[in-house]
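Okay, data-v5.cif is below, mmCIF, C-alpha atoms:
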```cif
data_data
loop_
_atom_site.label_atom_id
_atom_site.label_comp_id
_atom_site.auth_asym_id
_atom_site.auth_seq_id
_atom_site.Cartn_x
_atom_site.Cartn_y
_atom_site.Cartn_z
CA MET A 37 25.89 4.19 -5.69
CA ARG A 38 22.20 4.89 -6.19
CA PRO A 39 20.18 1.77 -6.94
CA GLY A 40 18.59 1.86 -10.33
CA PRO A 41 19.01 0.97 -13.97
CA ILE A 42 22.45 -0.07 -15.08
CA ALA A 43 22.56 -0.56 -18.86
CA GLY A 44 19.47 -2.75 -19.13
CA ARG A 45 19.99 -4.10 -15.63
CA TRP A 46 19.06 -2.86 -12.17
CA ARG A 47 20.59 -3.11 -8.75
CA ASP A 48 18.34 -4.74 -6.18
CA SER A 49 18.98 -2.54 -3.15
CA VAL A 50 17.54 -5.11 -0.77
CA HIS A 51 19.60 -8.11 -1.84
CA GLY A 52 22.54 -6.17 -3.33
CA ARG A 53 22.59 -8.08 -6.60
CA THR A 54 22.19 -6.91 -10.16
CA ARG A 55 19.34 -8.33 -12.19
CA ALA A 56 18.23 -8.07 -15.76
CA CYS A 57 15.34 -5.70 -16.32
CA PRO A 58 12.50 -7.98 -17.30
CA ALA A 59 10.80 -6.85 -20.46
CA LEU A 60 7.05 -6.86 -20.59
CA PRO A 61 5.75 -9.37 -23.11
CA ARG A 62 5.05 -7.55 -26.36
CA ASP A 63 2.22 -8.32 -28.67
CA ASP A 64 1.50 -6.08 -31.63
CA SER A 65 -2.19 -6.98 -31.63
CA PRO A 66 -4.60 -4.05 -31.74
CA GLY A 67 -6.28 -5.35 -28.56
CA LEU A 68 -3.12 -5.19 -26.46
CA ALA A 69 -2.14 -1.84 -27.96
CA ARG A 70 -5.55 -0.49 -26.93
CA LEU A 71 -5.16 -1.85 -23.39
CA GLU A 72 -1.67 -0.40 -23.02
CA GLY A 73 -3.13 3.02 -23.83
CA LEU A 74 -5.58 2.84 -20.93
CA ILE A 75 -4.65 4.42 -17.59
CA GLY A 76 -6.69 1.91 -15.59
CA TYR A 77 -5.10 -1.11 -17.27
CA THR A 78 -1.56 0.22 -16.92
CA LEU A 79 -2.19 1.27 -13.32
CA ARG A 80 -3.53 -2.19 -12.48
CA ARG A 81 -0.49 -3.87 -14.08
CA ALA A 82 1.81 -1.64 -12.04
CA GLN A 83 -0.20 -2.34 -8.86
CA VAL A 84 0.09 -6.10 -9.39
CA ALA A 85 3.86 -5.82 -9.87
CA VAL A 86 4.23 -3.64 -6.76
CA SER A 87 2.08 -6.04 -4.73
CA ARG A 88 4.20 -8.99 -5.79
CA SER A 89 7.32 -7.14 -4.69
CA PHE A 90 5.67 -6.36 -1.34
CA VAL A 91 4.67 -10.00 -0.79
CA GLU A 92 8.23 -11.12 -1.54
CA LEU A 93 9.75 -8.72 1.00
CA PHE A 94 7.15 -9.18 3.78
CA ALA A 95 6.10 -12.83 3.43
CA ASP A 96 8.19 -14.11 6.34
CA LEU A 97 6.51 -11.57 8.65
CA ASP A 98 3.02 -12.61 7.49
CA VAL A 99 2.00 -8.99 6.90
CA ARG A 100 -0.23 -7.83 4.06
CA GLN A 101 -0.30 -4.31 2.62
CA SER A 102 -3.66 -3.58 4.25
CA GLN A 103 -2.32 -4.69 7.64
CA LEU A 104 0.76 -2.49 7.27
CA GLY A 105 -1.52 0.44 6.47
CA VAL A 106 -3.66 -0.17 9.56
CA LEU A 107 -0.65 -0.61 11.83
CA THR A 108 0.97 2.55 10.45
CA VAL A 109 -2.15 4.66 11.02
CA ILE A 110 -2.58 3.32 14.57
CA GLU A 111 1.10 3.93 15.30
CA GLY A 112 0.88 7.52 14.07
CA SER A 113 -2.46 8.26 15.72
CA PRO A 114 -3.02 6.01 18.72
CA GLY A 115 -6.54 6.03 20.12
CA LEU A 116 -8.43 6.27 16.83
CA ARG A 117 -11.67 4.35 16.42
CA PRO A 118 -11.83 1.51 13.88
CA SER A 119 -14.02 3.56 11.53
CA GLN A 120 -11.44 6.37 11.57
CA VAL A 121 -8.60 3.98 10.75
CA GLY A 122 -10.61 2.42 7.93
CA ALA A 123 -11.54 5.81 6.49
CA ALA A 124 -7.92 6.99 6.64
CA ILE A 125 -6.72 4.22 4.35
CA GLY A 126 -9.85 3.48 2.35
CA ILE A 127 -10.96 0.22 3.94
CA LYS A 128 -14.71 -0.33 4.08
CA ARG A 129 -16.31 -0.39 7.49
CA ALA A 130 -17.35 -4.05 7.02
CA ASN A 131 -13.74 -5.07 6.31
CA ILE A 132 -11.91 -3.20 9.06
CA GLY A 133 -13.37 -5.37 11.85
CA PRO A 134 -12.01 -8.71 10.56
CA LEU A 135 -8.66 -7.09 9.79
CA LEU A 136 -8.44 -5.73 13.34
CA ASP A 137 -9.49 -9.14 14.70
CA GLU A 138 -6.48 -10.69 12.92
CA LEU A 139 -4.10 -8.09 14.30
CA GLU A 140 -5.54 -8.45 17.79
CA THR A 141 -5.25 -12.26 17.61
CA ARG A 142 -1.58 -11.79 16.74
CA ALA A 143 -1.24 -9.48 19.78
CA LEU A 144 -0.16 -6.52 17.61
CA VAL A 145 -3.17 -4.29 18.34
CA ARG A 146 -5.28 -3.82 21.44
CA ARG A 147 -8.72 -2.33 21.78
CA ALA A 148 -9.60 -0.14 24.74
CA PRO A 149 -12.97 1.39 25.63
CA ASP A 150 -13.33 4.85 24.11
CA PRO A 151 -13.78 7.31 26.99
CA SER A 152 -15.87 9.68 24.84
CA ASP A 153 -18.21 6.99 23.42
CA ARG A 154 -18.93 3.86 25.44
CA ARG A 155 -20.35 2.12 22.36
CA SER A 156 -16.97 2.23 20.63
CA TYR A 157 -13.34 1.55 21.38
CA SER A 158 -9.95 3.04 20.63
CA LEU A 159 -7.03 1.26 18.98
CA PHE A 160 -3.44 1.06 20.19
CA LEU A 161 -0.35 -0.92 19.24
CA THR A 162 0.82 -3.47 21.78
CA GLU A 163 4.49 -3.78 22.70
CA ALA A 164 4.77 -6.56 20.12
CA GLY A 165 3.11 -4.30 17.55
CA GLU A 166 5.52 -1.47 18.31
CA ALA A 167 8.50 -3.81 18.05
CA LEU A 168 7.26 -5.17 14.71
CA MET A 169 6.82 -1.65 13.33
CA ALA A 170 10.56 -0.98 13.45
CA GLU A 171 11.20 -3.92 11.11
CA LEU A 172 8.18 -3.04 8.95
CA HIS A 173 9.44 0.52 8.48
CA ARG A 174 12.88 -0.77 7.49
CA ARG A 175 11.40 -3.12 4.92
CA GLU A 176 8.89 -0.54 3.74
CA ALA A 177 11.77 1.82 2.95
CA ALA A 178 13.59 -0.96 1.09
CA HIS A 179 10.40 -1.77 -0.82
CA GLU A 180 9.95 1.87 -1.85
CA GLU A 181 13.56 2.01 -2.99
CA ARG A 182 13.12 -1.23 -4.91
CA ILE A 183 9.97 -0.21 -6.78
CA ALA A 184 11.21 3.32 -7.52
CA ALA A 185 14.66 2.17 -8.68
CA PHE A 186 13.95 3.27 -12.25
CA LEU A 187 12.79 6.75 -11.26
CA GLU A 188 14.75 9.85 -10.44
CA PRO A 189 13.61 11.61 -7.23
CA GLU A 190 11.79 14.29 -9.27
CA GLU A 191 10.02 11.62 -11.33
CA ARG A 192 8.93 9.81 -8.18
CA ALA A 193 7.50 13.03 -6.75
CA ALA A 194 5.74 13.79 -10.05
CA LEU A 195 4.29 10.27 -10.21
CA LEU A 196 2.93 10.53 -6.67
CA GLY A 197 1.36 13.88 -7.47
CA LEU A 198 -0.24 12.56 -10.64
CA LEU A 199 -1.58 9.48 -8.88
CA ARG A 200 -3.12 11.63 -6.13
CA ARG A 201 -4.78 13.84 -8.76
CA LEU A 202 -6.04 10.78 -10.60
CA GLU A 203 -7.46 9.33 -7.38
CA GLN A 204 -9.19 12.59 -6.47
CA GLY A 205 -10.59 12.96 -9.97
CA ALA A 206 -11.96 9.42 -9.92
CA ARG A 207 -13.55 10.08 -6.49
CA ASP A 208 -15.10 13.33 -7.71
CA VAL A 209 -16.60 11.63 -10.77
CA ALA A 210 -18.00 8.80 -8.64
CA GLU A 211 -19.53 11.31 -6.20
CA ASP A 212 -21.05 13.32 -9.06
CA GLU A 213 -22.55 10.16 -10.59
CA ALA A 214 -23.94 9.05 -7.23
CA ALA A 215 -25.51 12.49 -6.72
CA GLU A 216 -27.11 12.37 -10.20
CA GLU A 217 -28.61 8.94 -9.41
CA THR A 218 -30.29 10.25 -6.26
CA ASP A 219 -31.75 13.34 -8.01
#
```
Structure re-expressed in structure tokens:
Amino acid sequence: MRPGPIAGRWRDSVHGRTRACPALPRDDSPGLARLEGLIGYTLRRAQVAVSRSFVELFADLDVRQSQLGVLTVIEGSPGLRPSQVGAAIGIKRANIGPLLDELETRALVRRAPDPSDRRSYSLFLTEAGEALMAELHRREAAHEERIAAFLEPEERAALLGLLRRLEQGARDVAEDEAAEETD
């Protein structure tokens, strides 16, 4: 049986139990109605709910979403430089160093001199990092199933497409505004 809504309830595919669908608190005030009509507000509310779900599923492994992103990029493209990993997942250059320091301290990532640029280094998963990735991928799949439980496969694909368009549009606007400021 596909996990998802069951007459006002949903099946938690990770824990195998059925839970009531929590209703969002309703307030008929004009202020809340205005907020609920804003993409940014609704997107942020969804992001907070998704992040809470992630924390619940990954807490015992002490892995944050940003760390999972970094580990996934390094796993898929070993030998990248820190700046390349940061750019791939949208982490600022100033923030990627401390994040990599944490992962290196935990012996999940190792840095090796970059043969093409002696001022930089390349990133690789350690054996411990590779072993952890198997469990992270399993939980990541369960997390995706859990947060998309109310969506049909076509709706999930449509949502991802719309979010990508929204992200690109927001980036384009920001770039245009930055260009206007420098003119």
- Task: Would you mind reading off the distance between atom CA of Gly105 of chain A and atom CA of Glu213 of chain A, one decimal, in Å?
- Result: 28.8 Å
- Task: Please indicate the distance in Å from atom CA of Leu104 of chain A to atom CA of Met169 of chain A, rounded to one decimal place.
- Result: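 Distance reported for this atom pair: 8.6 Å.
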- Query: Do you know which residues are at most 10 Å from Leu159 of chain A counting all atoms listed in the file, after dropping those on the same chain fewer than 4 positions away, and could you put them as a ChimeraX atom specification?
  - Reply: /A:107,109-111,113-118,121,136,140,145-150
Keeping C-alpha atoms, export the residues of the selection given above as an mmCIF file, in the coordinates of the input.
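Written output follows (result_6.cif):
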```
data_model
loop_
_atom_site.group_PDB
_atom_site.id
_atom_site.type_symbol
_atom_site.label_atom_id
_atom_site.label_comp_id
_atom_site.auth_asym_id
_atom_site.auth_seq_id
_atom_site.Cartn_x
_atom_site.Cartn_y
_atom_site.Cartn_z
ATOM 1 C CA LEU A 107 -0.650 -0.610 11.830
ATOM 2 C CA VAL A 109 -2.150 4.660 11.020
ATOM 3 C CA ILE A 110 -2.580 3.320 14.570
ATOM 4 C CA GLU A 111 1.100 3.930 15.300
ATOM 5 C CA SER A 113 -2.460 8.260 15.720
ATOM 6 C CA PRO A 114 -3.020 6.010 18.720
ATOM 7 C CA GLY A 115 -6.540 6.030 20.120
ATOM 8 C CA LEU A 116 -8.430 6.270 16.830
ATOM 9 C CA ARG A 117 -11.670 4.350 16.420
ATOM 10 C CA PRO A 118 -11.830 1.510 13.880
ATOM 11 C CA VAL A 121 -8.600 3.980 10.750
ATOM 12 C CA LEU A 136 -8.440 -5.730 13.340
ATOM 13 C CA GLU A 140 -5.540 -8.450 17.790
ATOM 14 C CA VAL A 145 -3.170 -4.290 18.340
ATOM 15 C CA ARG A 146 -5.280 -3.820 21.440
ATOM 16 C CA ARG A 147 -8.720 -2.330 21.780
ATOM 17 C CA ALA A 148 -9.600 -0.140 24.740
ATOM 18 C CA PRO A 149 -12.970 1.390 25.630
ATOM 19 C CA ASP A 150 -13.330 4.850 24.110
#
```
- Task: Run the PyMOL selection byres ((chain A and resi 173) around 12) on the file and write out the hits as a PyMOL selection string.
- Result: chain A and resi 93-94+104-105+107-108+111+166-172+174-180
- Query: What gap, in Å, lies between atom CA of Ser102 of chain A and atom CA of Leu139 of chain A?
  - Reply: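 These two atoms are separated by 11.0 Å.
Among A:Asp96, A:Asp208, A:Ser156, A:Gln101, the residue with the shortest atom-to-atom distance to Ser119 of chain A, counting only C-alpha atoms, is A:Ser156.
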- Message: Using the chain letters and numbers from this file, what does the PyMOL selection byres ((chain A and resi 143) around 10) select? Give the answer as number ranges by chain.
- Response: A: 137-142, 144-146, 161-165
- Picked residues, the PyMOL selection byres ((chain A and resi 73-86) around 12), expected as a ChimeraX atom specification: /A:58,60,66-72,87-93,101,176,179-184,195,198-199,202-203,206
